[in-house]
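So this one's coords.json, JSON, C-alpha atoms:
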[["chain", "number", "residue", "atom", "x", "y", "z"],
["U", 1, "MET", "CA", 0.00, 0.00, 0.00],
["U", 2, "TYR", "CA", 1.30, 3.44, -0.96],
["U", 3, "THR", "CA", 0.21, 6.67, 0.76],
["U", 4, "LEU", "CA", 0.18, 10.04, -0.99],
["U", 5, "THR", "CA", -1.12, 13.14, 0.83],
["U", 6, "GLY", "CA", -3.07, 10.78, 3.07],
["U", 7, "LEU", "CA", -4.64, 8.85, 0.17],
["U", 8, "LYS", "CA", -4.07, 5.11, 0.25],
["U", 9, "MET", "CA", -3.26, 3.56, -3.13],
["U", 10, "LYS", "CA", -2.09, 0.12, -4.17],
["U", 11, "ASN", "CA", 0.71, 1.63, -6.27],
["U", 12, "SER", "CA", 1.63, 5.10, -7.49],
["U", 13, "THR", "CA", 0.10, 5.51, -10.95],
["U", 14, "ILE", "CA", -2.83, 7.87, -11.48],
["U", 15, "LEU", "CA", -5.13, 8.69, -14.40],
["U", 16, "ALA", "CA", -4.50, 12.31, -15.42],
["U", 17, "ALA", "CA", -7.32, 14.85, -15.65],
["U", 18, "GLY", "CA", -9.33, 15.04, -18.86],
["U", 19, "ILE", "CA", -8.60, 11.50, -20.05],
["U", 20, "LEU", "CA", -11.66, 9.21, -19.88],
["U", 21, "GLY", "CA", -12.84, 11.27, -16.92],
["U", 22, "THR", "CA", -16.07, 12.68, -18.30],
["U", 23, "THR", "CA", -18.35, 10.07, -16.74],
["U", 24, "GLY", "CA", -18.38, 7.96, -13.62],
["U", 25, "ALA", "CA", -18.47, 4.82, -15.77],
["U", 26, "SER", "CA", -15.32, 5.76, -17.68],
["U", 27, "LEU", "CA", -13.46, 6.53, -14.46],
["U", 28, "CYS", "CA", -14.48, 3.14, -13.07],
["U", 29, "ARG", "CA", -13.34, 1.44, -16.27],
["U", 30, "VAL", "CA", -9.84, 2.94, -16.03],
["U", 31, "ALA", "CA", -9.58, 1.80, -12.42],
["U", 32, "LEU", "CA", -11.07, -1.68, -12.77],
["U", 33, "GLU", "CA", -9.87, -2.64, -16.28],
["U", 34, "GLY", "CA", -6.89, -0.36, -16.67],
["U", 35, "GLY", "CA", -5.28, -0.77, -13.28],
["U", 36, "ALA", "CA", -5.06, 2.92, -12.31],
["U", 37, "ASP", "CA", -4.36, 3.35, -8.59],
["U", 38, "ALA", "CA", -6.32, 6.62, -8.48],
["U", 39, "VAL", "CA", -8.29, 8.64, -11.03],
["U", 40, "VAL", "CA", -8.66, 12.35, -11.71],
["U", 41, "THR", "CA", -11.88, 13.62, -13.25],
["U", 42, "LYS", "CA", -12.24, 15.93, -16.19],
["U", 43, "SER", "CA", -11.89, 19.55, -15.08],
["U", 44, "ILE", "CA", -15.24, 20.87, -13.86],
["U", 45, "GLY", "CA", -16.31, 24.52, -13.69],
["U", 46, "SER", "CA", -19.18, 26.63, -12.41],
["U", 47, "ILE", "CA", -21.17, 26.82, -15.65],
["U", 48, "PRO", "CA", -21.65, 24.38, -18.56],
["U", 49, "LYS", "CA", -19.13, 24.87, -21.38],
["U", 50, "LYS", "CA", -19.30, 23.40, -24.88],
["U", 51, "GLY", "CA", -15.60, 24.00, -25.46],
["U", 52, "HIS", "CA", -13.93, 25.04, -28.68],
["U", 53, "SER", "CA", -15.18, 24.16, -32.15],
["U", 54, "ASN", "CA", -13.71, 21.18, -34.04],
["U", 55, "PRO", "CA", -11.06, 20.13, -34.81],
["U", 56, "THR", "CA", -10.06, 19.99, -31.15],
["U", 57, "ILE", "CA", -7.27, 17.41, -31.28],
["U", 58, "VAL", "CA", -4.60, 16.37, -33.75],
["U", 59, "GLN", "CA", -2.02, 13.61, -33.42],
["U", 60, "LEU", "CA", 1.57, 14.60, -34.10],
["U", 61, "GLU", "CA", 4.77, 12.61, -34.34],
["U", 62, "GLY", "CA", 5.64, 13.34, -30.71],
["U", 63, "GLY", "CA", 2.19, 13.29, -29.14],
["U", 64, "PHE", "CA", -1.08, 15.20, -29.32],
["U", 65, "LEU", "CA", -2.03, 18.84, -29.79],
["U", 66, "ASN", "CA", -5.44, 19.63, -28.32],
["U", 67, "ALA", "CA", -7.66, 22.62, -27.70],
["U", 68, "MET", "CA", -10.75, 21.24, -26.05],
["U", 69, "GLY", "CA", -11.62, 24.48, -24.28],
["U", 70, "LEU", "CA", -12.54, 22.86, -20.95],
["U", 71, "PRO", "CA", -15.93, 21.43, -22.05],
["U", 72, "ASN", "CA", -17.90, 20.22, -19.04],
["U", 73, "PRO", "CA", -21.45, 19.99, -17.69],
["U", 74, "SER", "CA", -20.66, 22.21, -14.63],
["U", 75, "TYR", "CA", -20.63, 20.89, -11.08],
["U", 76, "PRO", "CA", -24.42, 20.29, -10.76],
["U", 77, "GLY", "CA", -24.32, 18.21, -13.93],
["U", 78, "PHE", "CA", -21.24, 16.24, -12.89],
["U", 79, "LEU", "CA", -22.12, 15.53, -9.27],
["U", 80, "GLN", "CA", -23.88, 12.23, -10.00],
["U", 81, "GLU", "CA", -20.95, 11.03, -12.13],
["U", 82, "LEU", "CA", -18.60, 11.76, -9.25],
["U", 83, "LYS", "CA", -20.80, 9.75, -6.90],
["U", 84, "ILE", "CA", -20.76, 6.80, -9.32],
["U", 85, "ALA", "CA", -16.97, 6.88, -9.54],
["U", 86, "LYS", "CA", -16.68, 7.04, -5.77],
["U", 87, "LYS", "CA", -19.06, 4.15, -5.25],
["U", 88, "TYR", "CA", -17.76, 1.69, -7.83],
["U", 89, "SER", "CA", -14.16, 2.47, -8.83],
["U", 90, "GLY", "CA", -12.52, 1.14, -5.68],
["U", 91, "VAL", "CA", -9.73, 3.74, -5.87],
["U", 92, "PRO", "CA", -9.29, 7.36, -4.71],
["U", 93, "VAL", "CA", -11.18, 9.80, -6.93],
["U", 94, "ILE", "CA", -9.72, 13.28, -7.30],
["U", 95, "ALA", "CA", -11.99, 16.06, -8.55],
["U", 96, "SER", "CA", -10.30, 18.43, -10.99],
["U", 97, "ILE", "CA", -11.85, 21.91, -10.85],
["U", 98, "PHE", "CA", -11.28, 25.25, -12.57],
["U", 99, "GLY", "CA", -12.46, 28.82, -12.37],
["U", 100, "GLY", "CA", -11.50, 32.34, -13.32],
["U", 101, "THR", "CA", -11.65, 33.81, -9.83],
["U", 102, "VAL", "CA", -11.30, 32.77, -6.21],
["U", 103, "VAL", "CA", -15.10, 32.91, -5.87],
["U", 104, "GLU", "CA", -15.62, 30.52, -8.79],
["U", 105, "PHE", "CA", -13.15, 27.99, -7.38],
["U", 106, "ILE", "CA", -14.93, 28.12, -4.02],
["U", 107, "GLU", "CA", -18.33, 27.65, -5.68],
["U", 108, "VAL", "CA", -17.22, 24.57, -7.63],
["U", 109, "ALA", "CA", -15.42, 23.00, -4.67],
["U", 110, "GLU", "CA", -18.45, 23.47, -2.43],
["U", 111, "GLY", "CA", -20.73, 22.17, -5.16],
["U", 112, "LEU", "CA", -18.78, 18.91, -5.52],
["U", 113, "LEU", "CA", -18.28, 18.27, -1.80],
["U", 114, "PRO", "CA", -21.52, 16.22, -1.58],
["U", 115, "GLY", "CA", -19.88, 13.77, -4.01],
["U", 116, "LYS", "CA", -17.16, 13.18, -1.42],
["U", 117, "PRO", "CA", -14.06, 13.37, -3.63],
["U", 118, "ASP", "CA", -10.91, 12.06, -1.98],
["U", 119, "ALA", "CA", -8.99, 15.18, -3.03],
["U", 120, "PHE", "CA", -9.28, 18.24, -5.25],
["U", 121, "GLU", "CA", -6.90, 19.09, -8.08],
["U", 122, "LEU", "CA", -6.95, 22.79, -8.95],
["U", 123, "ASN", "CA", -6.53, 23.32, -12.69],
["U", 124, "VAL", "CA", -4.69, 26.63, -12.91],
["U", 125, "SER", "CA", -2.74, 25.54, -15.96],
["U", 126, "CYS", "CA", -4.88, 24.84, -19.06],
["U", 127, "PRO", "CA", -3.17, 26.77, -21.91],
["U", 128, "HIS", "CA", -6.09, 27.13, -24.31],
["U", 129, "SER", "CA", -9.12, 28.52, -22.48],
["U", 130, "GLU", "CA", -9.46, 32.28, -22.17],
["U", 131, "ARG", "CA", -9.82, 33.61, -18.60],
["U", 132, "TYR", "CA", -9.20, 30.18, -17.11],
["U", 133, "GLY", "CA", -6.26, 27.84, -16.52],
["U", 134, "ALA", "CA", -2.87, 29.36, -17.25],
["U", 135, "ALA", "CA", -4.44, 32.82, -17.38],
["U", 136, "VAL", "CA", -4.92, 32.33, -13.64],
["U", 137, "GLY", "CA", -2.00, 30.03, -12.93],
["U", 138, "SER", "CA", 0.73, 32.36, -14.18],
["U", 139, "ASN", "CA", -0.04, 34.80, -11.36],
["U", 140, "PRO", "CA", 1.62, 33.63, -8.09],
["U", 141, "CYS", "CA", -0.56, 35.84, -5.89],
["U", 142, "LEU", "CA", -3.76, 34.50, -7.45],
["U", 143, "VAL", "CA", -2.55, 30.89, -7.23],
["U", 144, "GLU", "CA", -1.82, 31.33, -3.53],
["U", 145, "ALA", "CA", -5.19, 32.99, -2.90],
["U", 146, "ILE", "CA", -7.15, 30.31, -4.79],
["U", 147, "THR", "CA", -5.31, 27.49, -3.05],
["U", 148, "ALA", "CA", -5.84, 29.02, 0.39],
["U", 149, "ALA", "CA", -9.54, 29.66, -0.28],
["U", 150, "VAL", "CA", -10.26, 26.09, -1.41],
["U", 151, "LYS", "CA", -8.11, 24.61, 1.34],
["U", 152, "ASP", "CA", -10.12, 26.60, 3.87],
["U", 153, "ILE", "CA", -13.48, 25.06, 2.90],
["U", 154, "VAL", "CA", -12.59, 21.41, 2.22],
["U", 155, "ASN", "CA", -11.36, 18.68, 4.54],
["U", 156, "VAL", "CA", -9.52, 16.66, 1.90],
["U", 157, "PRO", "CA", -6.11, 17.13, 0.27],
["U", 158, "VAL", "CA", -5.71, 19.90, -2.29],
["U", 159, "TRP", "CA", -3.37, 19.43, -5.26],
["U", 160, "VAL", "CA", -2.44, 22.29, -7.58],
["U", 161, "LYS", "CA", -1.69, 21.50, -11.25],
["U", 162, "LEU", "CA", 0.99, 23.85, -12.54],
["U", 163, "THR", "CA", 1.59, 25.34, -15.98],
["U", 164, "PRO", "CA", 5.01, 25.05, -17.63],
["U", 165, "ASN", "CA", 4.22, 28.13, -19.72],
["U", 166, "VAL", "CA", 5.92, 30.51, -17.28],
["U", 167, "SER", "CA", 9.48, 31.72, -16.85],
["U", 168, "ASP", "CA", 9.89, 30.04, -13.43],
["U", 169, "ILE", "CA", 7.60, 27.19, -12.41],
["U", 170, "THR", "CA", 9.12, 27.05, -8.92],
["U", 171, "CYS", "CA", 7.70, 30.53, -8.24],
["U", 172, "ILE", "CA", 4.19, 29.23, -8.95],
["U", 173, "GLY", "CA", 4.86, 26.05, -6.97],
["U", 174, "THR", "CA", 6.01, 28.09, -3.98],
["U", 175, "ALA", "CA", 2.82, 30.16, -4.18],
["U", 176, "ALA", "CA", 0.72, 26.99, -4.13],
["U", 177, "GLU", "CA", 2.67, 25.67, -1.16],
["U", 178, "SER", "CA", 2.27, 28.98, 0.68],
["U", 179, "GLY", "CA", -1.48, 28.74, 0.07],
["U", 180, "GLY", "CA", -1.58, 25.39, 1.84],
["U", 181, "ALA", "CA", -1.43, 22.95, -1.07],
["U", 182, "ASP", "CA", -0.81, 19.34, -0.06],
["U", 183, "ALA", "CA", 0.95, 18.60, -3.37],
["U", 184, "VAL", "CA", 1.64, 20.10, -6.78],
["U", 185, "VAL", "CA", 1.11, 18.36, -10.10],
["U", 186, "ALA", "CA", 3.61, 19.10, -12.88],
["U", 187, "ILE", "CA", 3.06, 19.65, -15.70],
["U", 188, "ASN", "CA", 0.08, 20.57, -17.83],
["U", 189, "THR", "CA", 0.42, 20.88, -21.61],
["U", 190, "LEU", "CA", 2.72, 23.28, -23.47],
["U", 191, "LYS", "CA", 1.41, 25.92, -25.83],
["U", 192, "GLY", "CA", 1.67, 24.75, -29.42],
["U", 193, "MET", "CA", 0.26, 25.08, -32.90],
["U", 194, "ALA", "CA", -0.02, 23.11, -36.15],
["U", 195, "ILE", "CA", -0.74, 24.48, -39.64],
["U", 196, "ASP", "CA", -2.04, 22.66, -42.73],
["U", 197, "ILE", "CA", 0.49, 23.63, -45.39],
["U", 198, "GLU", "CA", -1.90, 22.92, -48.28],
["U", 199, "SER", "CA", -4.50, 25.44, -47.16],
["U", 200, "GLY", "CA", -2.39, 27.60, -44.87],
["U", 201, "TYR", "CA", -5.02, 27.35, -42.13],
["U", 202, "PRO", "CA", -4.28, 26.39, -38.53],
["U", 203, "ILE", "CA", -5.52, 22.84, -37.99],
["U", 204, "LEU", "CA", -7.18, 23.33, -34.62],
["U", 205, "GLY", "CA", -10.47, 25.16, -34.40],
["U", 206, "ASN", "CA", -8.96, 27.35, -31.69],
["U", 207, "ARG", "CA", -5.82, 27.86, -33.81],
["U", 208, "SER", "CA", -3.46, 27.01, -30.94],
["U", 209, "GLY", "CA", -3.62, 24.37, -28.24],
["U", 210, "GLY", "CA", -1.65, 22.35, -25.72],
["U", 211, "LEU", "CA", 1.01, 19.79, -26.60],
["U", 212, "SER", "CA", 1.03, 16.52, -24.65],
["U", 213, "GLY", "CA", 2.65, 13.12, -25.09],
["U", 214, "LYS", "CA", 6.22, 11.89, -25.40],
["U", 215, "ALA", "CA", 7.58, 15.18, -26.72],
["U", 216, "VAL", "CA", 6.95, 17.00, -23.43],
["U", 217, "LYS", "CA", 8.56, 14.46, -21.09],
["U", 218, "PRO", "CA", 12.02, 16.07, -20.89],
["U", 219, "ILE", "CA", 10.39, 19.38, -19.98],
["U", 220, "ALA", "CA", 8.24, 17.69, -17.34],
["U", 221, "VAL", "CA", 11.29, 15.95, -15.85],
["U", 222, "LYS", "CA", 13.16, 19.28, -15.56],
["U", 223, "CYS", "CA", 10.16, 20.98, -13.93],
["U", 224, "ILE", "CA", 9.77, 18.12, -11.46],
["U", 225, "TYR", "CA", 13.48, 18.23, -10.65],
["U", 226, "ASP", "CA", 13.37, 21.97, -9.93],
["U", 227, "LEU", "CA", 10.16, 21.77, -7.88],
["U", 228, "TYR", "CA", 11.53, 18.90, -5.78],
["U", 229, "THR", "CA", 14.55, 21.05, -4.98],
["U", 230, "THR", "CA", 12.41, 24.02, -3.95],
["U", 231, "LEU", "CA", 9.30, 22.65, -2.25],
["U", 232, "LYS", "CA", 8.65, 20.64, 0.90],
["U", 233, "ILE", "CA", 5.34, 19.17, -0.35],
["U", 234, "PRO", "CA", 5.13, 16.22, -2.78],
["U", 235, "VAL", "CA", 5.44, 16.70, -6.51],
["U", 236, "ILE", "CA", 3.20, 14.52, -8.70],
["U", 237, "GLY", "CA", 4.70, 14.05, -12.15],
["U", 238, "VAL", "CA", 2.76, 14.10, -15.41],
["U", 239, "GLY", "CA", 3.65, 14.70, -19.03],
["U", 240, "GLY", "CA", 4.73, 12.11, -21.58],
["U", 241, "VAL", "CA", 4.69, 8.99, -19.40],
["U", 242, "SER", "CA", 4.14, 6.02, -21.72],
["U", 243, "CYS", "CA", 6.15, 3.22, -20.07],
["U", 244, "TRP", "CA", 7.61, 2.20, -16.71],
["U", 245, "GLN", "CA", 10.99, 3.68, -17.61],
["U", 246, "ASP", "CA", 9.37, 7.12, -17.96],
["U", 247, "ALA", "CA", 7.74, 6.73, -14.55],
["U", 248, "VAL", "CA", 11.02, 5.74, -12.90],
["U", 249, "GLU", "CA", 12.78, 8.69, -14.52],
["U", 250, "MET", "CA", 10.19, 11.09, -13.12],
["U", 251, "MET", "CA", 10.47, 9.53, -9.67],
["U", 252, "MET", "CA", 14.24, 9.89, -9.72],
["U", 253, "ALA", "CA", 13.70, 13.56, -10.60],
["U", 254, "GLY", "CA", 11.49, 13.89, -7.53],
["U", 255, "ALA", "CA", 7.97, 12.72, -8.37],
["U", 256, "ALA", "CA", 6.16, 11.01, -5.50],
["U", 257, "ALA", "CA", 3.67, 9.54, -8.00],
["U", 258, "VAL", "CA", 2.99, 9.78, -11.72],
["U", 259, "GLN", "CA", -0.11, 10.57, -13.73],
["U", 260, "VAL", "CA", -0.68, 9.07, -17.17],
["U", 261, "GLY", "CA", -2.67, 10.86, -19.86],
["U", 262, "SER", "CA", -2.04, 10.56, -23.60],
["U", 263, "ALA", "CA", -0.70, 6.99, -23.36],
["U", 264, "VAL", "CA", -4.17, 5.82, -22.31],
["U", 265, "TYR", "CA", -5.31, 6.46, -25.89],
["U", 266, "GLU", "CA", -3.02, 3.64, -27.00],
["U", 267, "ARG", "CA", -4.02, 1.14, -24.32],
["U", 268, "ILE", "CA", -6.18, 1.48, -21.25],
["U", 269, "ASP", "CA", -4.23, -1.09, -19.22],
["U", 270, "ILE", "CA", -1.00, 0.92, -19.38],
["U", 271, "PHE", "CA", -1.13, 1.29, -15.59],
["U", 272, "TYR", "CA", -0.70, -2.46, -15.05],
["U", 273, "GLU", "CA", 2.31, -2.45, -17.37],
["U", 274, "ILE", "CA", 3.93, 0.52, -15.63],
["U", 275, "ASN", "CA", 3.43, -0.89, -12.14],
["U", 276, "LYS", "CA", 4.76, -4.29, -13.18],
["U", 277, "GLY", "CA", 7.85, -2.69, -14.71],
["U", 278, "ILE", "CA", 8.55, -0.56, -11.64],
["U", 279, "LYS", "CA", 8.32, -3.58, -9.34],
["U", 280, "ALA", "CA", 10.73, -5.56, -11.53],
["U", 281, "PHE", "CA", 13.12, -2.62, -11.59],
["U", 282, "LEU", "CA", 13.05, -2.33, -7.79],
["U", 283, "GLN", "CA", 13.86, -6.02, -7.43],
["U", 284, "ARG", "CA", 16.66, -5.88, -10.02],
["U", 285, "LYS", "CA", 18.26, -2.89, -8.31],
["U", 286, "SER", "CA", 17.68, -4.32, -4.80],
["U", 287, "TYR", "CA", 15.51, -1.40, -3.67],
["U", 288, "SER", "CA", 13.15, -2.32, -0.86],
["U", 289, "ASP", "CA", 10.61, 0.44, -1.44],
["U", 290, "ILE", "CA", 9.50, 2.82, -4.18],
["U", 291, "LYS", "CA", 10.32, 5.73, -1.89],
["U", 292, "GLU", "CA", 14.01, 4.99, -2.45],
["U", 293, "LEU", "CA", 13.58, 6.14, -6.05],
["U", 294, "ILE", "CA", 12.03, 9.51, -5.23],
["U", 295, "GLY", "CA", 14.59, 12.26, -5.76],
["U", 296, "LEU", "CA", 17.43, 9.77, -6.28],
["U", 297, "SER", "CA", 19.01, 11.82, -9.05],
["U", 298, "HIS", "CA", 19.53, 14.72, -6.62],
["U", 299, "GLU", "CA", 21.88, 12.53, -4.60],
["U", 300, "MET", "CA", 24.03, 11.93, -7.69],
["U", 301, "VAL", "CA", 25.05, 15.58, -8.10]]
Turn this file's structure into structure tokens for me.
Amino acid sequence: MYTLTGLKMKNSTILAAGILGTTGASLCRVALEGGADAVVTKSIGSIPKKGHSNPTIVQLEGGFLNAMGLPNPSYPGFLQELKIAKKYSGVPVIASIFGGTVVEFIEVAEGLLPGKPDAFELNVSCPHSERYGAAVGSNPCLVEAITAAVKDIVNVPVWVKLTPNVSDITCIGTAAESGGADAVVAINTLKGMAIDIESGYPILGNRSGGLSGKAVKPIAVKCIYDLYTTLKIPVIGVGGVSCWQDAVEMMMAGAAAVQVGSAVYERIDIFYEINKGIKAFLQRKSYSDIKELIGLSHEMV
């Protein structure tokens, strides 16, 4: 059994926000069939959003470029789905929430509390939704205020998902920690764009979007490494994890757990494969516990 911010998990792999997290049934499927040790819901806001117009996602050589625009049914519409996930998934369920102001974050957190999420993940990092996400998460003062406000009204752990689209991610991580965050999640997608050379038009309906997948892993590893050096709270790694080797690399950089997103599109049971690989690696290297991997690369300097 592995414990992260008070949550008990069988291992340390988590479904990232926005991936098969739209319904309670899909969250249960990732846990029961895919082997995820915890699941994060799609980001939920205060009002229903349709998101951006199609195309909203394009596959590239190194991953995916998406501009969904935070589509969601709002917290009243998602509450029943959260209850289903809590009742049947058998793993911790983390509610991802977003807003444009402190008041909106408070409203959504309070609105989802009846669903009894095991933790909240504050999305202050989406790069392609005006007024939300990174528009909020690039301001350290606002990140600290939002974190403190949500922390004050909930009795479960609060994680803050950070944007890499800033000059210094440790500054934002420090703000989250000062606001009372129990952990930070790093990283969300990177701003990117793709253009159809035949027509000259941007491919995505929103023109630009967020890059995820294998291409962003080195950036995620560097962010995790820097945050681990700076913060006292756990860092949860995410960004480009597609195999157990990626997970181990993130842990050595300082990740206390890893979230998997884009790789789930290839196979839902990727969590089983990652956990199996980590266990074999621990045995081969004669490590007694996964905690011995966390931050190991810092000891090599």
Within 12 Å of (11.7, -1.6, -7.5) (coordinates as in the file), grab all the protein and nucleic acid residues, counting only C-alpha atoms, and write them out as a PyMOL selection string.
-> chain U and resi 11+244-245+247-248+251-252+274-294
Using the selection just defined, write its residues with C-alpha atoms as a PDB file, in the coordinates of the input.
ATOM      1  CA  ASN U  11       0.710   1.630  -6.270  1.00  0.00           C
ATOM      2  CA  TRP U 244       7.610   2.200 -16.710  1.00  0.00           C
ATOM      3  CA  GLN U 245      10.990   3.680 -17.610  1.00  0.00           C
ATOM      4  CA  ALA U 247       7.740   6.730 -14.550  1.00  0.00           C
ATOM      5  CA  VAL U 248      11.020   5.740 -12.900  1.00  0.00           C
ATOM      6  CA  MET U 251      10.470   9.530  -9.670  1.00  0.00           C
ATOM      7  CA  MET U 252      14.240   9.890  -9.720  1.00  0.00           C
ATOM      8  CA  ILE U 274       3.930   0.520 -15.630  1.00  0.00           C
ATOM      9  CA  ASN U 275       3.430  -0.890 -12.140  1.00  0.00           C
ATOM     10  CA  LYS U 276       4.760  -4.290 -13.180  1.00  0.00           C
ATOM     11  CA  GLY U 277       7.850  -2.690 -14.710  1.00  0.00           C
ATOM     12  CA  ILE U 278       8.550  -0.560 -11.640  1.00  0.00           C
ATOM     13  CA  LYS U 279       8.320  -3.580  -9.340  1.00  0.00           C
ATOM     14  CA  ALA U 280      10.730  -5.560 -11.530  1.00  0.00           C
ATOM     15  CA  PHE U 281      13.120  -2.620 -11.590  1.00  0.00           C
ATOM     16  CA  LEU U 282      13.050  -2.330  -7.790  1.00  0.00           C
ATOM     17  CA  GLN U 283      13.860  -6.020  -7.430  1.00  0.00           C
ATOM     18  CA  ARG U 284      16.660  -5.880 -10.020  1.00  0.00           C
ATOM     19  CA  LYS U 285      18.260  -2.890  -8.310  1.00  0.00           C
ATOM     20  CA  SER U 286      17.680  -4.320  -4.800  1.00  0.00           C
ATOM     21  CA  TYR U 287      15.510  -1.400  -3.670  1.00  0.00           C
ATOM     22  CA  SER U 288      13.150  -2.320  -0.860  1.00  0.00           C
ATOM     23  CA  ASP U 289      10.610   0.440  -1.440  1.00  0.00           C
ATOM     24  CA  ILE U 290       9.500   2.820  -4.180  1.00  0.00           C
ATOM     25  CA  LYS U 291      10.320   5.730  -1.890  1.00  0.00           C
ATOM     26  CA  GLU U 292      14.010   4.990  -2.450  1.00  0.00           C
ATOM     27  CA  LEU U 293      13.580   6.140  -6.050  1.00  0.00           C
ATOM     28  CA  ILE U 294      12.030   9.510  -5.230  1.00  0.00           C
TER      29      ILE U 294
END
Between U:Ser129, U:Ser26, U:Gly18, U:Ala256, smallest distance to Lys49 in chain U by only C-alpha atoms belongs to U:Ser129
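Closest approach to Lys83 in chain U from the set U:Gly100, U:Gly24, U:Pro48, U:Gly35 is made by U:Gly24, with distances taken over all atoms listed in the file.
Checking U:Asn123, U:Ala38, U:Ser53, U:Glu33 one by one against Leu204 in chain U, counting all atoms listed in the file, you find the shortest gap at U:Ser53.
Between CA of Gly210 in chain U and CA of Arg29 in chain U the separation is 25.8 Å.
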Close residues, Arg131 in chain U itself excluded, 12 Å, all atoms listed in the file, min 3 positions apart in chain, as a tab-separated table (two decimals) with C-alpha atoms, in the frame of the given file:
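Output below, filename result30.tsv:
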chain	number	residue	atom	x	y	z
U	69	GLY	CA	-11.62	24.48	-24.28
U	70	LEU	CA	-12.54	22.86	-20.95
U	98	PHE	CA	-11.28	25.25	-12.57
U	99	GLY	CA	-12.46	28.82	-12.37
U	100	GLY	CA	-11.50	32.34	-13.32
U	101	THR	CA	-11.65	33.81	-9.83
U	104	GLU	CA	-15.62	30.52	-8.79
U	124	VAL	CA	-4.69	26.63	-12.91
U	125	SER	CA	-2.74	25.54	-15.96
U	126	CYS	CA	-4.88	24.84	-19.06
U	127	PRO	CA	-3.17	26.77	-21.91
U	128	HIS	CA	-6.09	27.13	-24.31
U	134	ALA	CA	-2.87	29.36	-17.25
U	135	ALA	CA	-4.44	32.82	-17.38
U	136	VAL	CA	-4.92	32.33	-13.64
U	137	GLY	CA	-2.00	30.03	-12.93
U	138	SER	CA	0.73	32.36	-14.18
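Among the candidates U:Ile106, U:Leu4, U:Leu211, U:Ile219, the one nearest to Ser262 in chain U when counting only C-alpha atoms is U:Leu211.
Compared by their closest atoms to Thr41 in chain U, and using all atoms listed in the file, the residues U:Met1, U:Pro164, U:Gly261, U:Thr229 rank with U:Gly261 nearest.
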Pick out the residues sitting within 10 Å of Lys222 in chain U, and hand them over as a PyMOL selection string; count all atoms listed in the file, and ignore anything fewer than 4 positions along from it in its own chain.
-> chain U and resi 186+217-218+226-228+250+253-254
Pick out the residues sitting within 7 Å of Pro92 in chain U, and hand them over as a list in words; count all atoms listed in the file, and ignore anything fewer than 5 positions along from it in its own chain.
-> Leu7, Ala38, Val39 and Asp118 of chain U
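Closest to Gly133 in chain U among U:Gly239, U:Pro55, U:Gly213, U:Gly45 is U:Gly45, based on only C-alpha atoms.
Atom pair CA of Ile233 in chain U / CA of Gly173 in chain U has a distance of 9.6 Å (rounded to one decimal).
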Residues at most 7 Å from Ala181 in chain U, counting all atoms listed in the file, excluding those fewer than 2 positions away in the same chain, as a ChimeraX atom specification?
-> /U:147,158-160,176-177,179,183
To box range 129-133 of chain U, take all atoms listed in the file, fit an axis-aligned box, add 5 Å on each side, and give centre and edge lengths in Å to one decimal, as JSON.
{"center_x": -8.0, "center_y": 30.7, "center_z": -19.5, "size_x": 13.6, "size_y": 15.8, "size_z": 16.0}
Ala95 in chain U surroundings by only C-alpha atoms, 12 Å radius, close-in-sequence under 4 positions cut, as JSON, numbers by chain = {"U": [15, 16, 17, 18, 21, 22, 23, 24, 27, 38, 39, 40, 41, 42, 43, 44, 45, 75, 78, 79, 81, 82, 83, 85, 86, 108, 109, 110, 111, 112, 113, 114, 115, 116, 117, 118, 119, 120, 121, 122, 123, 156, 157, 158, 159, 160, 161]}
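The gap separating CA of Met193 in chain U from CA of Ile236 in chain U is 26.6 Å, in Å to one decimal.
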Starting from the block above, write range 124-137 of chain U out to a file with C-alpha atoms, as an mmCIF file, in the first residue's frame, please.
data_model
loop_
_atom_site.group_PDB
_atom_site.id
_atom_site.type_symbol
_atom_site.label_atom_id
_atom_site.label_comp_id
_atom_site.auth_asym_id
_atom_site.auth_seq_id
_atom_site.Cartn_x
_atom_site.Cartn_y
_atom_site.Cartn_z
ATOM 1 C CA VAL U 124 -4.686 26.626 -12.909
ATOM 2 C CA SER U 125 -2.736 25.541 -15.959
ATOM 3 C CA CYS U 126 -4.879 24.835 -19.057
ATOM 4 C CA PRO U 127 -3.175 26.766 -21.906
ATOM 5 C CA HIS U 128 -6.091 27.133 -24.312
ATOM 6 C CA SER U 129 -9.116 28.519 -22.480
ATOM 7 C CA GLU U 130 -9.459 32.280 -22.173
ATOM 8 C CA ARG U 131 -9.824 33.612 -18.604
ATOM 9 C CA TYR U 132 -9.203 30.181 -17.107
ATOM 10 C CA GLY U 133 -6.264 27.838 -16.525
ATOM 11 C CA ALA U 134 -2.873 29.362 -17.251
ATOM 12 C CA ALA U 135 -4.442 32.825 -17.375
ATOM 13 C CA VAL U 136 -4.920 32.327 -13.645
ATOM 14 C CA GLY U 137 -1.998 30.028 -12.930
#
